[in-house]
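Enquirer: The file below is coords23.cif, mmCIF, C-alpha atoms:
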data_my_file
loop_
_atom_site.label_atom_id
_atom_site.label_comp_id
_atom_site.auth_asym_id
_atom_site.auth_seq_id
_atom_site.Cartn_x
_atom_site.Cartn_y
_atom_site.Cartn_z
CA MET A 246 60.73 -16.48 26.83
CA LYS A 247 59.23 -13.80 24.61
CA ASN A 248 60.19 -10.15 25.00
CA LYS A 249 57.33 -8.08 26.38
CA ALA A 250 55.77 -4.88 25.07
CA ILE A 251 53.08 -2.54 26.36
CA VAL A 252 50.80 -0.54 24.08
CA THR A 253 48.46 2.01 25.66
CA GLY A 254 45.25 3.09 23.99
CA ALA A 255 45.38 -0.38 22.51
CA TYR A 256 41.79 -0.79 21.33
CA GLY A 257 41.62 2.34 19.19
CA ALA A 258 42.08 2.11 15.44
CA ILE A 259 45.79 2.91 15.45
CA GLY A 260 46.49 1.29 18.81
CA LYS A 261 45.09 -2.06 17.76
CA ALA A 262 47.16 -1.95 14.56
CA ILE A 263 50.29 -1.14 16.60
CA VAL A 264 49.63 -4.17 18.80
CA ALA A 265 49.20 -6.40 15.76
CA GLY A 266 52.37 -5.05 14.19
CA ILE A 267 54.53 -5.59 17.28
CA ALA A 268 53.03 -9.02 17.92
CA GLY A 269 54.00 -9.92 14.36
CA TYR A 270 57.63 -9.62 15.46
CA GLY A 271 57.11 -12.38 18.00
CA MET A 272 56.78 -10.20 21.09
CA GLU A 273 54.23 -10.68 23.86
CA VAL A 274 52.08 -7.56 23.88
CA ILE A 275 50.05 -6.29 26.82
CA LEU A 276 47.16 -4.07 25.76
CA VAL A 277 46.40 -1.29 28.25
CA GLY A 278 43.20 0.76 28.46
CA ARG A 279 40.31 1.43 30.77
CA ASP A 280 37.52 -0.52 29.03
CA GLU A 281 37.88 -4.25 29.66
CA ASN A 282 35.30 -5.28 27.07
CA LYS A 283 37.06 -3.29 24.36
CA LEU A 284 40.41 -4.75 25.36
CA LYS A 285 39.03 -8.28 25.08
CA GLN A 286 37.43 -7.48 21.73
CA ALA A 287 40.69 -6.04 20.42
CA ILE A 288 42.50 -9.24 21.35
CA ASP A 289 39.84 -11.32 19.59
CA ASP A 290 40.12 -9.11 16.48
CA ILE A 291 43.90 -9.44 16.37
CA HIS A 292 43.77 -13.20 16.91
CA GLU A 293 41.59 -13.51 13.83
CA ILE A 294 44.53 -12.19 11.81
CA HIS A 295 47.41 -13.49 13.96
CA PRO A 296 46.11 -16.64 15.72
CA ASP A 297 49.43 -17.30 17.43
CA ALA A 298 49.96 -13.78 18.75
CA ALA A 299 50.87 -13.69 22.46
CA LEU A 300 48.51 -11.08 23.87
CA GLY A 301 47.30 -10.03 27.30
CA TYR A 302 45.60 -6.99 28.74
CA ALA A 303 45.53 -4.76 31.80
CA VAL A 304 42.60 -2.51 32.72
CA THR A 305 44.06 0.87 33.64
CA ASP A 306 42.83 4.45 33.47
CA LEU A 307 45.87 6.22 32.02
CA SER A 308 44.67 9.60 33.26
CA ARG A 309 45.18 8.48 36.87
CA LYS A 310 48.61 8.27 38.46
CA SER A 311 47.51 5.82 41.15
CA GLU A 312 46.36 3.26 38.59
CA ILE A 313 49.59 3.48 36.61
CA ILE A 314 51.62 3.00 39.79
CA GLU A 315 49.47 -0.01 40.69
CA LEU A 316 50.02 -1.48 37.21
CA SER A 317 53.77 -0.98 37.48
CA GLU A 318 53.99 -2.52 40.93
CA ALA A 319 52.09 -5.59 39.72
CA TRP A 320 54.27 -6.01 36.63
CA GLU A 321 56.24 -9.25 36.49
CA GLY A 322 59.46 -9.59 34.58
CA SER A 323 61.19 -7.13 32.31
CA LEU A 324 59.88 -4.90 29.54
CA GLN A 325 61.39 -4.40 26.09
CA VAL A 326 59.04 -1.89 24.45
CA LEU A 327 56.61 0.74 25.68
CA VAL A 328 54.38 2.52 23.18
CA ASN A 329 52.48 5.47 24.64
CA ASN A 330 49.56 5.79 22.25
CA ALA A 331 46.51 6.56 24.42
CA ALA A 332 44.78 9.87 23.72
CA THR A 333 41.47 11.50 24.39
CA CYS A 334 39.94 14.69 23.05
CA PRO A 335 36.65 15.56 24.80
CA ARG A 336 34.76 18.38 23.14
CA SER A 337 34.02 20.05 26.46
CA ARG A 338 36.38 20.54 29.38
CA THR A 339 36.26 17.62 31.77
CA GLU A 340 38.37 16.63 34.76
CA THR A 341 39.69 13.44 36.31
CA PRO A 342 38.55 12.50 39.85
CA GLU A 343 41.75 14.22 41.01
CA GLY A 344 40.61 17.48 39.37
CA ILE A 345 43.08 17.48 36.46
CA GLU A 346 41.89 18.56 33.01
CA MET A 347 41.36 15.36 31.06
CA GLN A 348 43.54 15.96 27.98
CA TRP A 349 46.43 17.11 30.11
CA ALA A 350 46.03 14.11 32.40
CA ALA A 351 45.61 11.38 29.77
CA ASN A 352 47.59 12.71 26.82
CA VAL A 353 50.54 14.17 28.71
CA LEU A 354 50.75 13.05 32.32
CA GLY A 355 49.75 9.53 31.33
CA TYR A 356 52.78 9.40 29.02
CA TYR A 357 55.01 10.86 31.72
CA TRP A 358 53.82 8.46 34.41
CA MET A 359 54.06 5.40 32.17
CA ILE A 360 57.68 6.22 31.33
CA ARG A 361 58.56 7.15 34.90
CA TYR A 362 57.14 4.02 36.47
CA PHE A 363 57.89 1.48 33.74
CA SER A 364 61.39 2.52 32.67
CA PRO A 365 62.85 0.71 35.73
CA HIS A 366 61.48 -2.54 34.27
CA MET A 367 63.41 -1.82 31.05
CA ARG A 368 66.87 -1.20 32.45
CA GLU A 369 68.12 -4.77 32.17
CA GLN A 370 67.10 -5.08 28.52
CA THR A 371 69.27 -4.74 25.45
CA ASP A 372 67.87 -2.22 22.96
CA ALA A 373 64.86 -1.22 25.07
CA ARG A 374 62.63 1.34 23.34
CA ILE A 375 59.93 3.83 24.26
CA VAL A 376 57.75 5.42 21.58
CA ASN A 377 55.55 8.43 22.22
CA VAL A 378 52.83 8.59 19.58
CA ALA A 379 52.52 12.34 19.14
CA SER A 380 51.37 14.22 16.03
CA TYR A 381 52.40 16.74 13.43
CA TRP A 382 49.39 18.66 14.77
CA ALA A 383 51.33 20.14 17.68
CA GLY A 384 51.99 23.52 19.23
CA GLY A 385 50.62 26.23 21.47
CA LEU A 386 51.89 24.88 24.80
CA ASN A 387 50.85 27.46 27.40
CA PHE A 388 52.69 27.03 30.68
CA SER A 389 50.60 29.72 32.33
CA ASP A 390 47.36 27.75 31.90
CA LEU A 391 48.09 24.16 30.96
CA GLU A 392 44.71 22.92 32.18
CA TYR A 393 42.49 25.62 30.69
CA LYS A 394 41.45 26.90 34.09
CA THR A 395 41.27 30.52 32.95
CA ARG A 396 41.28 30.49 29.14
CA TYR A 397 38.46 29.20 26.98
CA TYR A 398 38.71 25.45 26.44
CA ASN A 399 39.03 24.41 22.82
CA ASN A 400 39.58 20.69 22.33
CA ASP A 401 41.63 21.20 19.17
CA GLU A 402 43.99 23.66 20.88
CA ALA A 403 44.24 21.42 23.95
CA TYR A 404 45.08 18.45 21.73
CA ARG A 405 47.80 20.38 19.86
CA GLN A 406 49.27 21.46 23.19
CA SER A 407 49.31 17.89 24.46
CA LYS A 408 51.04 16.57 21.36
CA GLN A 409 53.73 19.24 21.62
CA ALA A 410 54.25 18.13 25.20
CA ASP A 411 54.51 14.48 24.14
CA ARG A 412 57.34 15.32 21.79
CA MET A 413 59.11 17.31 24.50
CA LEU A 414 58.71 14.48 27.02
CA ALA A 415 60.48 12.18 24.56
CA ALA A 416 63.43 14.57 24.52
CA GLY A 417 63.44 14.94 28.29
CA PHE A 418 63.37 11.23 29.01
CA ALA A 419 65.83 10.43 26.22
CA SER A 420 68.53 12.39 28.02
CA ARG A 421 67.61 10.93 31.41
CA LEU A 422 67.49 7.30 30.26
CA LYS A 423 70.47 7.34 27.91
CA GLY A 424 72.71 5.86 30.58
CA ASP A 425 70.28 2.97 31.03
CA GLY A 426 70.38 2.13 27.33
CA ILE A 427 66.71 3.03 26.81
CA ALA A 428 65.84 4.87 23.59
CA VAL A 429 62.94 7.33 23.64
CA ASN A 430 61.48 8.79 20.46
CA ALA A 431 58.30 10.53 19.29
CA CYS A 432 56.42 10.21 16.03
CA HIS A 433 53.39 11.15 14.02
CA PRO A 434 51.24 8.16 13.08
CA GLY A 435 49.40 8.10 9.80
CA ASP A 436 46.12 9.96 9.27
CA VAL A 437 43.47 7.42 10.21
CA VAL A 438 39.77 7.81 10.95
CA SER A 439 39.53 7.32 14.72
CA LYS A 440 37.57 8.53 17.71
CA VAL A 441 40.14 11.25 18.34
CA SER A 442 40.11 12.46 14.73
CA SER A 443 36.31 12.47 14.78
CA ASP A 444 36.23 14.48 18.02
CA LEU A 445 38.62 16.95 16.39
CA GLY A 446 36.41 17.17 13.31
CA TYR A 447 38.92 15.58 10.96
CA GLY A 448 38.87 12.52 8.77
CA GLY A 449 41.70 10.34 7.57
CA ASN A 450 42.94 8.81 4.34
CA GLU A 451 45.12 5.94 5.58
CA THR A 452 44.35 2.49 6.89
CA PRO A 453 45.06 1.66 10.55
CA GLY A 454 47.98 -0.47 9.39
CA GLU A 455 49.46 2.45 7.48
CA GLY A 456 48.88 4.68 10.47
CA ALA A 457 50.68 2.27 12.77
CA ASP A 458 53.66 1.81 10.47
CA THR A 459 56.01 4.41 11.94
CA PRO A 460 55.31 3.59 15.62
CA VAL A 461 55.83 -0.12 14.93
CA TRP A 462 59.01 0.63 12.99
CA LEU A 463 60.41 2.67 15.87
CA ALA A 464 59.48 -0.07 18.33
CA THR A 465 60.89 -3.03 16.43
CA SER A 466 63.07 -2.26 13.43
CA ALA A 467 66.81 -2.67 13.28
CA GLY A 468 66.77 0.55 11.27
CA ALA A 469 65.65 2.48 14.36
CA GLU A 470 68.18 0.94 16.73
CA GLY A 471 70.37 3.47 18.48
CA LYS A 472 68.14 6.44 17.66
CA SER A 473 66.86 8.44 20.62
CA GLY A 474 65.48 11.87 21.43
CA LEU A 475 64.17 12.30 17.88
CA TYR A 476 60.87 12.94 16.09
CA PHE A 477 59.75 10.93 13.04
CA GLU A 478 57.12 11.04 10.33
CA GLN A 479 56.79 8.21 7.77
CA ARG A 480 59.92 6.58 9.20
CA GLU A 481 61.91 9.71 8.44
CA ARG A 482 63.47 12.00 11.01
CA ARG A 483 61.94 15.47 11.08
CA GLN A 484 63.33 18.53 12.80
CA CYS A 485 61.31 19.42 15.89
CA PRO A 486 61.81 22.88 17.41
CA PHE A 487 59.91 21.87 20.54
CA MET A 488 62.37 19.08 21.33
CA LYS A 489 65.31 21.41 20.74
CA ASP A 490 63.99 23.86 23.34
CA ARG A 491 66.00 22.48 26.23
CA ALA A 492 64.78 25.07 28.71
CA GLY A 493 61.17 24.36 27.76
CA VAL A 494 61.74 20.60 27.94
CA GLU A 495 63.22 20.86 31.43
CA ARG A 496 60.41 23.14 32.54
CA LEU A 497 57.84 20.64 31.30
CA MET A 498 59.59 17.74 33.04
CA LYS A 499 59.52 19.62 36.33
CA VAL A 500 55.85 20.53 35.88
CA CYS A 501 54.93 16.89 35.28
CA GLU A 502 57.05 15.72 38.20
CA ASN A 503 55.01 17.90 40.55
CA TYR A 504 51.66 16.26 39.72
#
As structure tokens, how would this structure be written, given the file I've shared?
Expert:
Amino acid sequence: MKNKAIVTGAYGAIGKAIVAGIAGYGMEVILVGRDENKLKQAIDDIHEIHPDAALGYAVTDLSRKSEIIELSEAWEGSLQVLVNNAATCPRSRTETPEGIEMQWAANVLGYYWMIRYFSPHMREQTDARIVNVASYWAGGLNFSDLEYKTRYYNNDEAYRQSKQADRMLAAGFASRLKGDGIAVNACHPGDVVSKVSSDLGYGGNETPGEGADTPVWLATSAGAEGKSGLYFEQRERRQCPFMKDRAGVERLMKVCENY
């Protein structure tokens, strides 16, 4: 029986390349996103390159806690790898049906909920790994107004805040899941032209495969085994002041727990 992996945001440029990379190691990969047609197309695209890849999909809105819980409750078997890659960056402030600002819901709470509700499926595995795809474009986390209810919404600032939070969540869960043998790390992917980069007004100079290299390495490589609670760029560990801020990490974990 093949080991299973989940990749969220799996039909974006980087997400699809992450799926292909992990599938290349012989794992069964479940693509998760909210657009069924795009999920099916991503699978078709990957099968053109890797005809024997074991792929499936699950339609889930990662900005909604109820849908993530439903996905977790329907999950069968164990889970070896979880890659939190989904991200959105709307140019104007929008909210989920539950009234949560969209970037905070999808980019941060979605990561938190996926780890919270899927880590129990990983506890019986040897060398289980969780990868938070964050960014070097991170900072500005404002605990007093995380959802831009009072300050002016700027999608670039909101994105930077969310990516700082993703790094900090990796640190918070790494300490909590250490006893279960589950490694949790964060990384910057390569600079790839994608919907998110376009919404931010940036381009990219790397291919999707190059962009996916570090997340795939963290998810599969023997060289990453045993590493946890760390931040990486280009397969190299980088110092992250956000992850070292233990008080801030614990504060963020409690904030997310209360949603």
Enquirer: If we count all atoms listed in the file and set the cut-off at 12 Å, which residues sit around A:Ala255, ignoring sequence neighbours fewer than 6 positions away in its own chain? Please answer as a ChimeraX atom specification.
Expert: /A:261-267,274-281,283-288,290-291,300-305,307,327-332,457
Enquirer: Looking at only C-alpha atoms, which of A:Tyr404, A:Leu386, A:Ser380, A:Glu392 is the one that sits closest to A:Cys432?
Expert: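 Smallest separation from A:Cys432 among the options: A:Ser380.
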Enquirer: Considering all atoms listed in the file, can you say which of A:Gln479, A:Gln484, A:Ser308, A:Asn503 comes closest to A:Thr341?
Expert: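 When distances to A:Thr341 are compared using all atoms listed in the file, the smallest one comes from A:Ser308.
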Enquirer: Using all atoms listed in the file, pick whichever of A:Val326, A:Asp425, A:Glu340, A:Thr395 has the shortest atom-to-atom distance to A:Met272.
Expert: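 Smallest separation from A:Met272 among the options: A:Val326.
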Enquirer: So which residues get picked by the PyMOL selection byres ((chain A and resi 364-372) around 12) here, written as a PyMOL selection string?
Expert: chain A and resi 248-251+316-328+356-363+373-375+418-419+421-429+463-467+469-473
Enquirer: Atoms to include: C-alpha atoms. Write the selected residues as an mmCIF file, keeping the file's coordinate frame.
Expert:
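Result file selection_6.cif:
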data_model
loop_
_atom_site.group_PDB
_atom_site.id
_atom_site.type_symbol
_atom_site.label_atom_id
_atom_site.label_comp_id
_atom_site.auth_asym_id
_atom_site.auth_seq_id
_atom_site.Cartn_x
_atom_site.Cartn_y
_atom_site.Cartn_z
ATOM 1 C CA ASN A 248 60.190 -10.150 25.000
ATOM 2 C CA LYS A 249 57.330 -8.080 26.380
ATOM 3 C CA ALA A 250 55.770 -4.880 25.070
ATOM 4 C CA ILE A 251 53.080 -2.540 26.360
ATOM 5 C CA LEU A 316 50.020 -1.480 37.210
ATOM 6 C CA SER A 317 53.770 -0.980 37.480
ATOM 7 C CA GLU A 318 53.990 -2.520 40.930
ATOM 8 C CA ALA A 319 52.090 -5.590 39.720
ATOM 9 C CA TRP A 320 54.270 -6.010 36.630
ATOM 10 C CA GLU A 321 56.240 -9.250 36.490
ATOM 11 C CA GLY A 322 59.460 -9.590 34.580
ATOM 12 C CA SER A 323 61.190 -7.130 32.310
ATOM 13 C CA LEU A 324 59.880 -4.900 29.540
ATOM 14 C CA GLN A 325 61.390 -4.400 26.090
ATOM 15 C CA VAL A 326 59.040 -1.890 24.450
ATOM 16 C CA LEU A 327 56.610 0.740 25.680
ATOM 17 C CA VAL A 328 54.380 2.520 23.180
ATOM 18 C CA TYR A 356 52.780 9.400 29.020
ATOM 19 C CA TYR A 357 55.010 10.860 31.720
ATOM 20 C CA TRP A 358 53.820 8.460 34.410
ATOM 21 C CA MET A 359 54.060 5.400 32.170
ATOM 22 C CA ILE A 360 57.680 6.220 31.330
ATOM 23 C CA ARG A 361 58.560 7.150 34.900
ATOM 24 C CA TYR A 362 57.140 4.020 36.470
ATOM 25 C CA PHE A 363 57.890 1.480 33.740
ATOM 26 C CA ALA A 373 64.860 -1.220 25.070
ATOM 27 C CA ARG A 374 62.630 1.340 23.340
ATOM 28 C CA ILE A 375 59.930 3.830 24.260
ATOM 29 C CA PHE A 418 63.370 11.230 29.010
ATOM 30 C CA ALA A 419 65.830 10.430 26.220
ATOM 31 C CA ARG A 421 67.610 10.930 31.410
ATOM 32 C CA LEU A 422 67.490 7.300 30.260
ATOM 33 C CA LYS A 423 70.470 7.340 27.910
ATOM 34 C CA GLY A 424 72.710 5.860 30.580
ATOM 35 C CA ASP A 425 70.280 2.970 31.030
ATOM 36 C CA GLY A 426 70.380 2.130 27.330
ATOM 37 C CA ILE A 427 66.710 3.030 26.810
ATOM 38 C CA ALA A 428 65.840 4.870 23.590
ATOM 39 C CA VAL A 429 62.940 7.330 23.640
ATOM 40 C CA LEU A 463 60.410 2.670 15.870
ATOM 41 C CA ALA A 464 59.480 -0.070 18.330
ATOM 42 C CA THR A 465 60.890 -3.030 16.430
ATOM 43 C CA SER A 466 63.070 -2.260 13.430
ATOM 44 C CA ALA A 467 66.810 -2.670 13.280
ATOM 45 C CA ALA A 469 65.650 2.480 14.360
ATOM 46 C CA GLU A 470 68.180 0.940 16.730
ATOM 47 C CA GLY A 471 70.370 3.470 18.480
ATOM 48 C CA LYS A 472 68.140 6.440 17.660
ATOM 49 C CA SER A 473 66.860 8.440 20.620
#
Enquirer: Tell me which of A:Cys485, A:Val378, A:Ile294, A:Val494 sits closest to A:Gly260, counting only C-alpha atoms.
Expert: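 Between A:Cys485, A:Val378, A:Ile294, A:Val494, the residue approaching A:Gly260 most closely is A:Val378.
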Enquirer: Please report the interatomic distance between atom CA of A:Gly385 and atom CA of A:Gln406 in Å with one decimal.
Expert: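 A separation of 5.2 Å between them.
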Enquirer: Using Å and a single decimal, report how far atom CA of A:Ala268 sits from atom CA of A:Gln409.
Expert: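 Between atom CA of A:Gln409 and atom CA of A:Ala268 the gap is 28.5 Å.
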Enquirer: So the first atom is atom CA of A:Asp297 and the second is atom CA of A:Lys247; what is the distance between them in Å, to one decimal place?
Expert: 12.6 Å
Enquirer: Which residues are near A:Val500? Cut-off 10 Å, all atoms listed in the file, ignore same chain within fewer than 6 positions. Put them as an NGL selection string.
Expert: :A and (354 or 388 or 391 or 494)
Enquirer: Starting from the displayed file, determine the output of the PyMOL selection byres ((chain A and resi 486) around 12) and express the residue list as a list in words.
Expert: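 Given this file, the PyMOL selection byres ((chain A and resi 486) around 12) evaluates to Tyr381, Ala383, Gly384, Gln409, Ala410, Arg412, Met413, Ala416, Leu475, Tyr476, Arg483, Gln484, Cys485, Phe487, Met488, Lys489, Asp490, Arg491, Ala492, Gly493 and Val494 of chain A.
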Enquirer: Nearest to A:Tyr504 among A:Trp349, A:Tyr270, A:Trp462, A:Tyr256, with distances taken over all atoms listed in the file: which residue is it?
Expert: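 Between A:Trp349, A:Tyr270, A:Trp462, A:Tyr256, the residue approaching A:Tyr504 most closely is A:Trp349.
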Enquirer: Which centre and edge lengths in Å to one decimal define the box along x, y and z that fits every listed atom of stretch 483-497 of chain A plus 6 Å per side, as lines of an AutoDock Vina configuration file?
Expert:
center_x = 61.9
center_y = 20.3
center_z = 21.8
size_x = 20.2
size_y = 21.6
size_z = 33.5
Enquirer: Have a look at A:His292, A:Gly355, A:Gln348, A:Arg480 and name the one nearest to A:Lys310; count all atoms listed in the file.
Expert: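 Residue with the minimum atom-to-atom distance to A:Lys310: A:Gly355.
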